[in-house]
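Undergrad: Just passing along the structure, written as structure tokens.
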There are 2 protein chains.
Amino acid sequence: MRAVFNETFQRYLSMIEEHLAQIPWGKDTLSESMSYSLVGGGKRIRPVLALAAAEAVGGNPEKILPAAIALELIHTYSLIHDDLPAMDNDDYRRGRLSNHKVFGEANAILAGDGLLTYAFEFLADPILGQPEKQLRVIREVAAAAGKNGMVGGQVLDIAGEEKKLSLTEIEEIHKAKTGALLIASARLGGILAGGSEEQIEALTNYAQALGLAFQIKDDILDVIGDSETLGKPAGSDLRQGKSTYVSLLGLEEAKHQLHAQTQRAQSALKLFERNFSFLSELAVYIEQRQH
Amino acid sequence: MRAVFNETFQRYLSMIEEHLAQIPWGKDTLSESMSYSLVGGGKRIRPVLALAAAEAVGGNPEKILPAAIALELIHTYSLIHDDLPAMDNDDYRRGRLSNHKVFGEANAILAGDGLLTYAFEFLADPILGQPEKQLRVIREVAAAAGKNGMVGGQVLDIAGEEKKLSLTEIEEIHKAKTGALLIASARLGGILAGGSEEQIEALTNYAQALGLAFQIKDDILDVIGDSETLGKPAGSDLRQGKSTYVSLLGLEEAKHQLHAQTQRAQSALKLFERNFSFLSELAVYIEQRQH
């Protein structure tokens with residue numbers, strides 16, 4: 001089972017990396033700074049989710065690639081802006097210097113702006129060939145990335161940094177900051193690949209549980225992971241006094257909730273054919289990941 | 001003639017302001033900062049251009065309002081980001097404190113991100129009812145606002161600040177930074193209102209000349225305008241050693257070129273019905289404006 005999962009994951013990643021590598025960048029500073037962050041690695045979880053959702057509803061993932069790529073452009077722009085001195089002020093991202101440390105603040109802001117804008121060119125690509133569905137996807141992705149989604153979540157996150165937050169509050173932040181775009185990613189794949197409304201709803205429930213599981217696992221790894229595997233100092237949330245699932249629930253209860261969300265994600269998939277098990281195994285992969 | 005022009009201008013402005021006033025903002029910081037800059041006045045030249053282009057091809061401007069509004073959201077986001085300390089570092093915009101002076105840098109960056117993202121929700125609004133044309137408009141607006149348009153122009157502008165630029169270089173910057181979105185605005189109106197390709201091409205030529213005229217006039221006003229009417233200190237380009245049409249061509253030749261572009265804009269309109277003279281008079285209005 002695990003071999004098939006890894007093979008499928010690699011197949012998706014190859015499709016994504018190949019498509020990203022085909023973006024025609026110029027030799028100007030802006031192109032350099034945009035591509036610097038885009039090719040800087042990362043789990044590509046949003047486009048992977050979109051491709052897998054497309055396959056889950058019986059579609060061909062290849063055909064929705066430009067739309068899936070757009071999700072990675074949006075995610076990358078959000079990381080560039082989050083890292084800025086005025087925001088989280090991070091000098092490193094995935095072991096490399098963050099965008100503004102290499103290109104300066106002005107160029108980093110503009111690289112983010114450029115990636116966000118470019119994403120909508122991909123979503124509107126005529127090669128996708130489904131104008132009505134593409135418009136629906138554009139509305140959903142913009143809503144998930146915007147003021148009531150990712151951008152709104154980042155505002156809440158910054159405002160909450162110096163306060164002690166309740167579980168409800170940290171869930172609200174995660175839902176907006178990361179959950180909404182993960183849901184939009186799965187829905188994008190389902191919608192563009194011609195899934196039924198029932199299937200799209202199932203993908204929504206799956207992605208919502210998956211997003212929560214992802215976040216709980218992040219908080220757990222911060223406490224029990226080792227810094228080398230994580231690629232960042234373990235225990236940094238605790239030292240910064242951040243409210244996390246572990247600080248609020250304790251380690252055992254957090255693990256329990258992680259497992260419950262993993263099961264919720266899996267049970268949302270009942271609707272789909274048994275011979276496509278990637279999404280179900282992705283939930284287990286996230287529960288068990290070590291970094 | 002001028003009375004009809006003013007009346008039409010006011011009619012467009014009322015439609016735009018009413019539509020902007022109907023945006024359902026929350027009471028949160030992000031909504032406050034986004035709406036602070038959006039309702040802060042300004043000429044609304046991009047949505048006006050879109051509405052007039054729609055009317056020029058025989059369409060109903062009311063019907064393209066959500067798309068026209070999107071142009072103002074994009075323009076507003078660009079001003080917020082341009083004013084940031086890392087960019088032009090402007091404390092004031094249109095006589096009011098700039099966004100980051102009121103809400104802080106992090107919120108200003110996010111307000112800009114939120115406005116840009118929200119714009120695409122408007123462009124994909126199902127009420128516009130023309131999926132294929134909307135997708136075309138989304139591609140064109142994203143291209144005009146992105147790395148090869150507005151964002152790219154801002155990068156060139158920042159990079160050129162400390163250099164002496166040639167006329168070709170300042171034209172390249174203006175074309176990307178402001179020209180592309182003005183052209184996209186006129187095209188948006190023409191496309192969504194069902195204009196022919198010939199009409200859309202004419203609107204493109206018109207908007208290109210209008211954009212150049214606008215910029216040349218800006219440079220002239222910086223030299224001969226009075227600070228009170230301008231709402232900013234006159235002569236500031238000169239003092240900053242900025243390369244402008246006036247510094248490169250001299251005042252008389254700049255005026256000559258302004259007039260030539262105004263005439264070019266007007267002659268692009270031959271195709272349209274004689275009883276719709278707004279766009280032609282808009283070119284004269286821009287040539288003669290005092291601020």
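Starting from 1 in every chain, residues are counted up; chains themselves are A, B, ... following the order of the structure tokens, and ligands are numbered from 1 as listed.
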Return the neighbours of chain B among the residues of chain A, cut-off 9 Å, counting only C-alpha atoms, as an mmCIF file with N, CA and C atoms, in the first residue's frame.

TA:
```
data_model
loop_
_atom_site.group_PDB
_atom_site.id
_atom_site.type_symbol
_atom_site.label_atom_id
_atom_site.label_comp_id
_atom_site.auth_asym_id
_atom_site.auth_seq_id
_atom_site.Cartn_x
_atom_site.Cartn_y
_atom_site.Cartn_z
ATOM 1 N N THR A 29 15.203 41.400 -12.184
ATOM 2 C CA THR A 29 15.186 41.189 -10.736
ATOM 3 C C THR A 29 13.863 40.598 -10.255
ATOM 4 N N LEU A 30 12.762 41.105 -10.786
ATOM 5 C CA LEU A 30 11.458 40.634 -10.327
ATOM 6 C C LEU A 30 11.281 39.148 -10.639
ATOM 7 N N SER A 31 11.625 38.748 -11.854
ATOM 8 C CA SER A 31 11.527 37.332 -12.216
ATOM 9 C C SER A 31 12.410 36.487 -11.305
ATOM 10 N N HIS A 81 5.469 37.329 2.023
ATOM 11 C CA HIS A 81 4.957 38.464 2.806
ATOM 12 C C HIS A 81 4.993 38.172 4.310
ATOM 13 N N ASP A 82 4.691 36.923 4.715
ATOM 14 C CA ASP A 82 4.753 36.568 6.148
ATOM 15 C C ASP A 82 6.155 36.748 6.718
ATOM 16 N N LEU A 84 8.379 38.959 5.968
ATOM 17 C CA LEU A 84 8.873 40.349 5.967
ATOM 18 C C LEU A 84 9.127 40.872 7.390
ATOM 19 N N PRO A 85 10.060 41.800 7.528
ATOM 20 C CA PRO A 85 10.357 42.374 8.845
ATOM 21 C C PRO A 85 9.113 42.924 9.551
ATOM 22 N N ALA A 86 8.197 43.524 8.774
ATOM 23 C CA ALA A 86 6.990 44.089 9.396
ATOM 24 C C ALA A 86 6.044 43.000 9.891
ATOM 25 N N MET A 87 6.243 41.769 9.425
ATOM 26 C CA MET A 87 5.371 40.656 9.827
ATOM 27 C C MET A 87 6.133 39.742 10.792
ATOM 28 N N GLY A 104 15.905 42.283 -0.886
ATOM 29 C CA GLY A 104 15.481 43.531 -0.262
ATOM 30 C C GLY A 104 13.972 43.552 -0.060
ATOM 31 N N GLU A 105 13.547 44.400 0.873
ATOM 32 C CA GLU A 105 12.132 44.419 1.245
ATOM 33 C C GLU A 105 11.211 44.827 0.104
ATOM 34 N N ALA A 106 11.580 45.890 -0.617
ATOM 35 C CA ALA A 106 10.704 46.386 -1.685
ATOM 36 C C ALA A 106 10.485 45.288 -2.724
ATOM 37 N N ASN A 107 11.562 44.659 -3.153
ATOM 38 C CA ASN A 107 11.425 43.604 -4.154
ATOM 39 C C ASN A 107 10.657 42.399 -3.622
ATOM 40 N N ILE A 109 8.203 42.463 -1.351
ATOM 41 C CA ILE A 109 6.775 42.823 -1.367
ATOM 42 C C ILE A 109 6.241 42.672 -2.798
ATOM 43 N N LEU A 110 7.013 43.186 -3.754
ATOM 44 C CA LEU A 110 6.557 43.157 -5.152
ATOM 45 C C LEU A 110 6.583 41.742 -5.731
ATOM 46 N N ALA A 111 7.533 40.914 -5.302
ATOM 47 C CA ALA A 111 7.553 39.515 -5.761
ATOM 48 C C ALA A 111 6.289 38.800 -5.287
ATOM 49 N N GLY A 112 5.895 39.069 -4.043
ATOM 50 C CA GLY A 112 4.648 38.488 -3.528
ATOM 51 C C GLY A 112 3.451 38.979 -4.336
ATOM 52 N N ASP A 113 3.388 40.278 -4.550
ATOM 53 C CA ASP A 113 2.294 40.852 -5.346
ATOM 54 C C ASP A 113 2.252 40.212 -6.737
ATOM 55 N N GLY A 114 3.430 40.051 -7.315
ATOM 56 C CA GLY A 114 3.506 39.488 -8.663
ATOM 57 C C GLY A 114 3.039 38.035 -8.710
ATOM 58 N N LEU A 115 3.421 37.252 -7.696
ATOM 59 C CA LEU A 115 3.005 35.838 -7.667
ATOM 60 C C LEU A 115 1.492 35.713 -7.477
ATOM 61 N N LEU A 116 0.940 36.524 -6.570
ATOM 62 C CA LEU A 116 -0.508 36.493 -6.338
ATOM 63 C C LEU A 116 -1.257 36.839 -7.621
ATOM 64 N N THR A 117 -0.806 37.887 -8.301
ATOM 65 C CA THR A 117 -1.468 38.317 -9.531
ATOM 66 C C THR A 117 -1.336 37.257 -10.621
ATOM 67 N N TYR A 118 -0.134 36.703 -10.740
ATOM 68 C CA TYR A 118 0.144 35.690 -11.764
ATOM 69 C C TYR A 118 -0.750 34.460 -11.569
ATOM 70 N N ALA A 119 -1.038 34.136 -10.303
ATOM 71 C CA ALA A 119 -1.869 32.957 -10.016
ATOM 72 C C ALA A 119 -3.206 33.027 -10.763
ATOM 73 N N PHE A 120 -3.763 34.230 -10.870
ATOM 74 C CA PHE A 120 -5.069 34.353 -11.524
ATOM 75 C C PHE A 120 -4.963 34.215 -13.043
ATOM 76 N N GLU A 121 -3.785 34.507 -13.596
ATOM 77 C CA GLU A 121 -3.580 34.205 -15.015
ATOM 78 C C GLU A 121 -3.643 32.692 -15.241
ATOM 79 N N PHE A 122 -3.051 31.940 -14.323
ATOM 80 C CA PHE A 122 -3.087 30.479 -14.441
ATOM 81 C C PHE A 122 -4.510 29.944 -14.285
ATOM 82 N N LEU A 123 -5.234 30.491 -13.306
ATOM 83 C CA LEU A 123 -6.600 30.003 -13.064
ATOM 84 C C LEU A 123 -7.520 30.308 -14.241
ATOM 85 N N ALA A 124 -7.185 31.371 -14.990
ATOM 86 C CA ALA A 124 -8.025 31.775 -16.128
ATOM 87 C C ALA A 124 -7.479 31.239 -17.449
ATOM 88 N N ASP A 125 -6.485 30.356 -17.373
ATOM 89 C CA ASP A 125 -5.865 29.811 -18.589
ATOM 90 C C ASP A 125 -6.912 29.123 -19.477
ATOM 91 N N PRO A 126 -6.999 29.540 -20.745
ATOM 92 C CA PRO A 126 -8.017 28.934 -21.626
ATOM 93 C C PRO A 126 -7.781 27.441 -21.864
ATOM 94 N N GLN A 130 -12.900 25.312 -19.369
ATOM 95 C CA GLN A 130 -14.196 25.230 -18.700
ATOM 96 C C GLN A 130 -14.543 26.549 -18.043
ATOM 97 N N PRO A 131 -14.914 27.543 -18.858
ATOM 98 C CA PRO A 131 -15.083 28.902 -18.356
ATOM 99 C C PRO A 131 -15.952 29.020 -17.091
ATOM 100 N N GLU A 132 -17.100 28.361 -17.073
ATOM 101 C CA GLU A 132 -17.971 28.531 -15.890
ATOM 102 C C GLU A 132 -17.348 27.941 -14.643
ATOM 103 N N LYS A 133 -16.786 26.752 -14.783
ATOM 104 C CA LYS A 133 -16.145 26.121 -13.618
ATOM 105 C C LYS A 133 -14.907 26.906 -13.193
ATOM 106 N N GLN A 134 -14.177 27.425 -14.167
ATOM 107 C CA GLN A 134 -12.990 28.226 -13.814
ATOM 108 C C GLN A 134 -13.394 29.479 -13.036
ATOM 109 N N LEU A 135 -14.480 30.129 -13.451
ATOM 110 C CA LEU A 135 -14.925 31.312 -12.715
ATOM 111 C C LEU A 135 -15.310 30.947 -11.286
ATOM 112 N N ARG A 136 -15.987 29.812 -11.140
ATOM 113 C CA ARG A 136 -16.357 29.367 -9.796
ATOM 114 C C ARG A 136 -15.105 29.144 -8.950
ATOM 115 N N ILE A 138 -12.151 30.505 -9.405
ATOM 116 C CA ILE A 138 -11.514 31.796 -9.132
ATOM 117 C C ILE A 138 -12.197 32.478 -7.946
ATOM 118 N N ARG A 139 -13.520 32.447 -7.926
ATOM 119 C CA ARG A 139 -14.237 33.043 -6.778
ATOM 120 C C ARG A 139 -13.867 32.333 -5.486
ATOM 121 N N GLU A 140 -13.830 31.000 -5.527
ATOM 122 C CA GLU A 140 -13.557 30.251 -4.292
ATOM 123 C C GLU A 140 -12.117 30.433 -3.819
ATOM 124 N N VAL A 141 -11.179 30.411 -4.760
ATOM 125 C CA VAL A 141 -9.773 30.576 -4.381
ATOM 126 C C VAL A 141 -9.537 31.996 -3.856
ATOM 127 N N ALA A 142 -10.116 33.006 -4.538
ATOM 128 C CA ALA A 142 -9.947 34.389 -4.078
ATOM 129 C C ALA A 142 -10.553 34.565 -2.690
ATOM 130 N N ALA A 143 -11.716 33.964 -2.463
ATOM 131 C CA ALA A 143 -12.343 34.071 -1.139
ATOM 132 C C ALA A 143 -11.480 33.388 -0.078
ATOM 133 N N ALA A 145 -8.264 32.880 -0.154
ATOM 134 C CA ALA A 145 -6.959 33.527 0.012
ATOM 135 C C ALA A 145 -7.090 34.933 0.580
ATOM 136 N N GLY A 146 -8.290 35.489 0.566
ATOM 137 C CA GLY A 146 -8.474 36.913 0.842
ATOM 138 C C GLY A 146 -8.855 37.280 2.264
ATOM 139 N N LYS A 147 -9.616 38.354 2.367
ATOM 140 C CA LYS A 147 -9.874 38.969 3.672
ATOM 141 C C LYS A 147 -10.611 38.042 4.640
ATOM 142 N N ASN A 148 -11.464 37.168 4.143
ATOM 143 C CA ASN A 148 -12.148 36.241 5.041
ATOM 144 C C ASN A 148 -11.438 34.892 5.111
ATOM 145 N N VAL A 151 -5.556 35.978 4.187
ATOM 146 C CA VAL A 151 -5.104 37.318 4.591
ATOM 147 C C VAL A 151 -5.726 37.705 5.936
ATOM 148 N N GLY A 152 -7.015 37.428 6.088
ATOM 149 C CA GLY A 152 -7.691 37.713 7.365
ATOM 150 C C GLY A 152 -7.076 36.929 8.506
ATOM 151 N N GLN A 154 -4.003 35.900 8.758
ATOM 152 C CA GLN A 154 -2.695 36.452 9.101
ATOM 153 C C GLN A 154 -2.855 37.696 9.990
ATOM 154 N N VAL A 155 -3.880 38.507 9.706
ATOM 155 C CA VAL A 155 -4.159 39.670 10.563
ATOM 156 C C VAL A 155 -4.490 39.205 11.988
ATOM 157 N N ILE A 158 -1.248 37.883 13.750
ATOM 158 C CA ILE A 158 -0.373 38.955 14.224
ATOM 159 C C ILE A 158 -0.982 39.614 15.465
#
```

Undergrad: From the DSSP assignment of the backbone, select every residue of segment 96-223 of chain B that is helix (DSSP H, G or I), and format the answer as JSON, numbers by chain.

TA: {"B": [99, 100, 101, 102, 103, 105, 106, 107, 108, 109, 110, 111, 112, 113, 114, 115, 116, 117, 118, 119, 120, 121, 122, 123, 126, 127, 128, 131, 132, 133, 134, 135, 136, 137, 138, 139, 140, 141, 142, 143, 144, 145, 150, 151, 152, 153, 154, 155, 156, 157, 158, 159, 160, 167, 168, 169, 170, 171, 172, 173, 174, 175, 176, 177, 178, 179, 180, 181, 182, 183, 184, 185, 186, 187, 188, 189, 190, 191, 192, 197, 198, 199, 200, 201, 202, 203, 204, 205, 206, 207, 208, 209, 210, 211, 212, 213, 214, 215, 216, 217, 218, 219, 220, 221, 222, 223]}

Undergrad: Rank A:Lys242, A:Lys101, A:His19, A:Arg187 by their smallest atom-to-atom distance to Ile170 of chain A, using only C-alpha atoms, and report the top residue only.

TA: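 Of A:Lys242, A:Lys101, A:His19, A:Arg187, the one nearest Ile170 of chain A is A:Lys242, counting only C-alpha atoms.
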
Undergrad: Do a neighbour search on Thr76 of chain B at 8 Å with only C-alpha atoms, toss out local chain neighbours closer than 3 positions, and write the hits as a PDB file with C-alpha atoms, in the first residue's frame.

TA:
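After the write, selection-v2.pdb holds the following:
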```
ATOM      1  CA  SER B  37      -7.833  53.536   1.419  1.00  0.00           C
ATOM      2  CA  LEU B  38     -10.609  52.560  -0.960  1.00  0.00           C
ATOM      3  CA  GLU B  72     -10.205  50.562  -8.436  1.00  0.00           C
ATOM      4  CA  LEU B  73      -9.429  47.849  -5.864  1.00  0.00           C
ATOM      5  CA  LEU B  79      -0.989  52.824  -3.854  1.00  0.00           C
ATOM      6  CA  ILE B  80      -0.946  51.255  -0.382  1.00  0.00           C
ATOM      7  CA  GLY B 112      -3.104  45.647  -0.130  1.00  0.00           C
ATOM      8  CA  LEU B 115      -7.737  44.312  -2.022  1.00  0.00           C
TER       9      LEU B 115
END
```

Undergrad: So which residues touch segment 199-201 of chain B within 9 Å, counting only C-alpha atoms, skipping near sequence neighbours fewer than 5 positions away, as number ranges by chain?

TA: B: 53, 56-57, 186-191, 206, 269, 271-272

Undergrad: May I have the selected residues written with C-alpha atoms, as a compact mmCIF listing (two decimals), in the first residue's frame?

TA:
```txt
# COMPACT_ATOMS: atom_id res chain seq x y z
CA ALA B 53 -15.64 52.21 -23.02
CA ALA B 56 -18.80 53.70 -26.42
CA VAL B 57 -19.39 50.23 -27.88
CA ALA B 186 -10.69 50.48 -21.44
CA ARG B 187 -10.48 46.99 -22.94
CA LEU B 188 -12.40 45.49 -20.01
CA GLY B 189 -15.33 47.82 -20.74
CA GLY B 190 -15.17 47.10 -24.46
CA ILE B 191 -14.92 43.33 -24.05
CA TYR B 206 -7.04 55.49 -27.25
CA LEU B 269 -12.09 57.17 -31.57
CA LEU B 271 -14.74 54.32 -35.21
CA PHE B 272 -17.34 55.20 -32.58
```

Undergrad: What's the 9 Å shell around Leu51 of chain A, counting only C-alpha atoms, without same-chain residues fewer than 2 positions away, as a count of residues only?

TA: 20
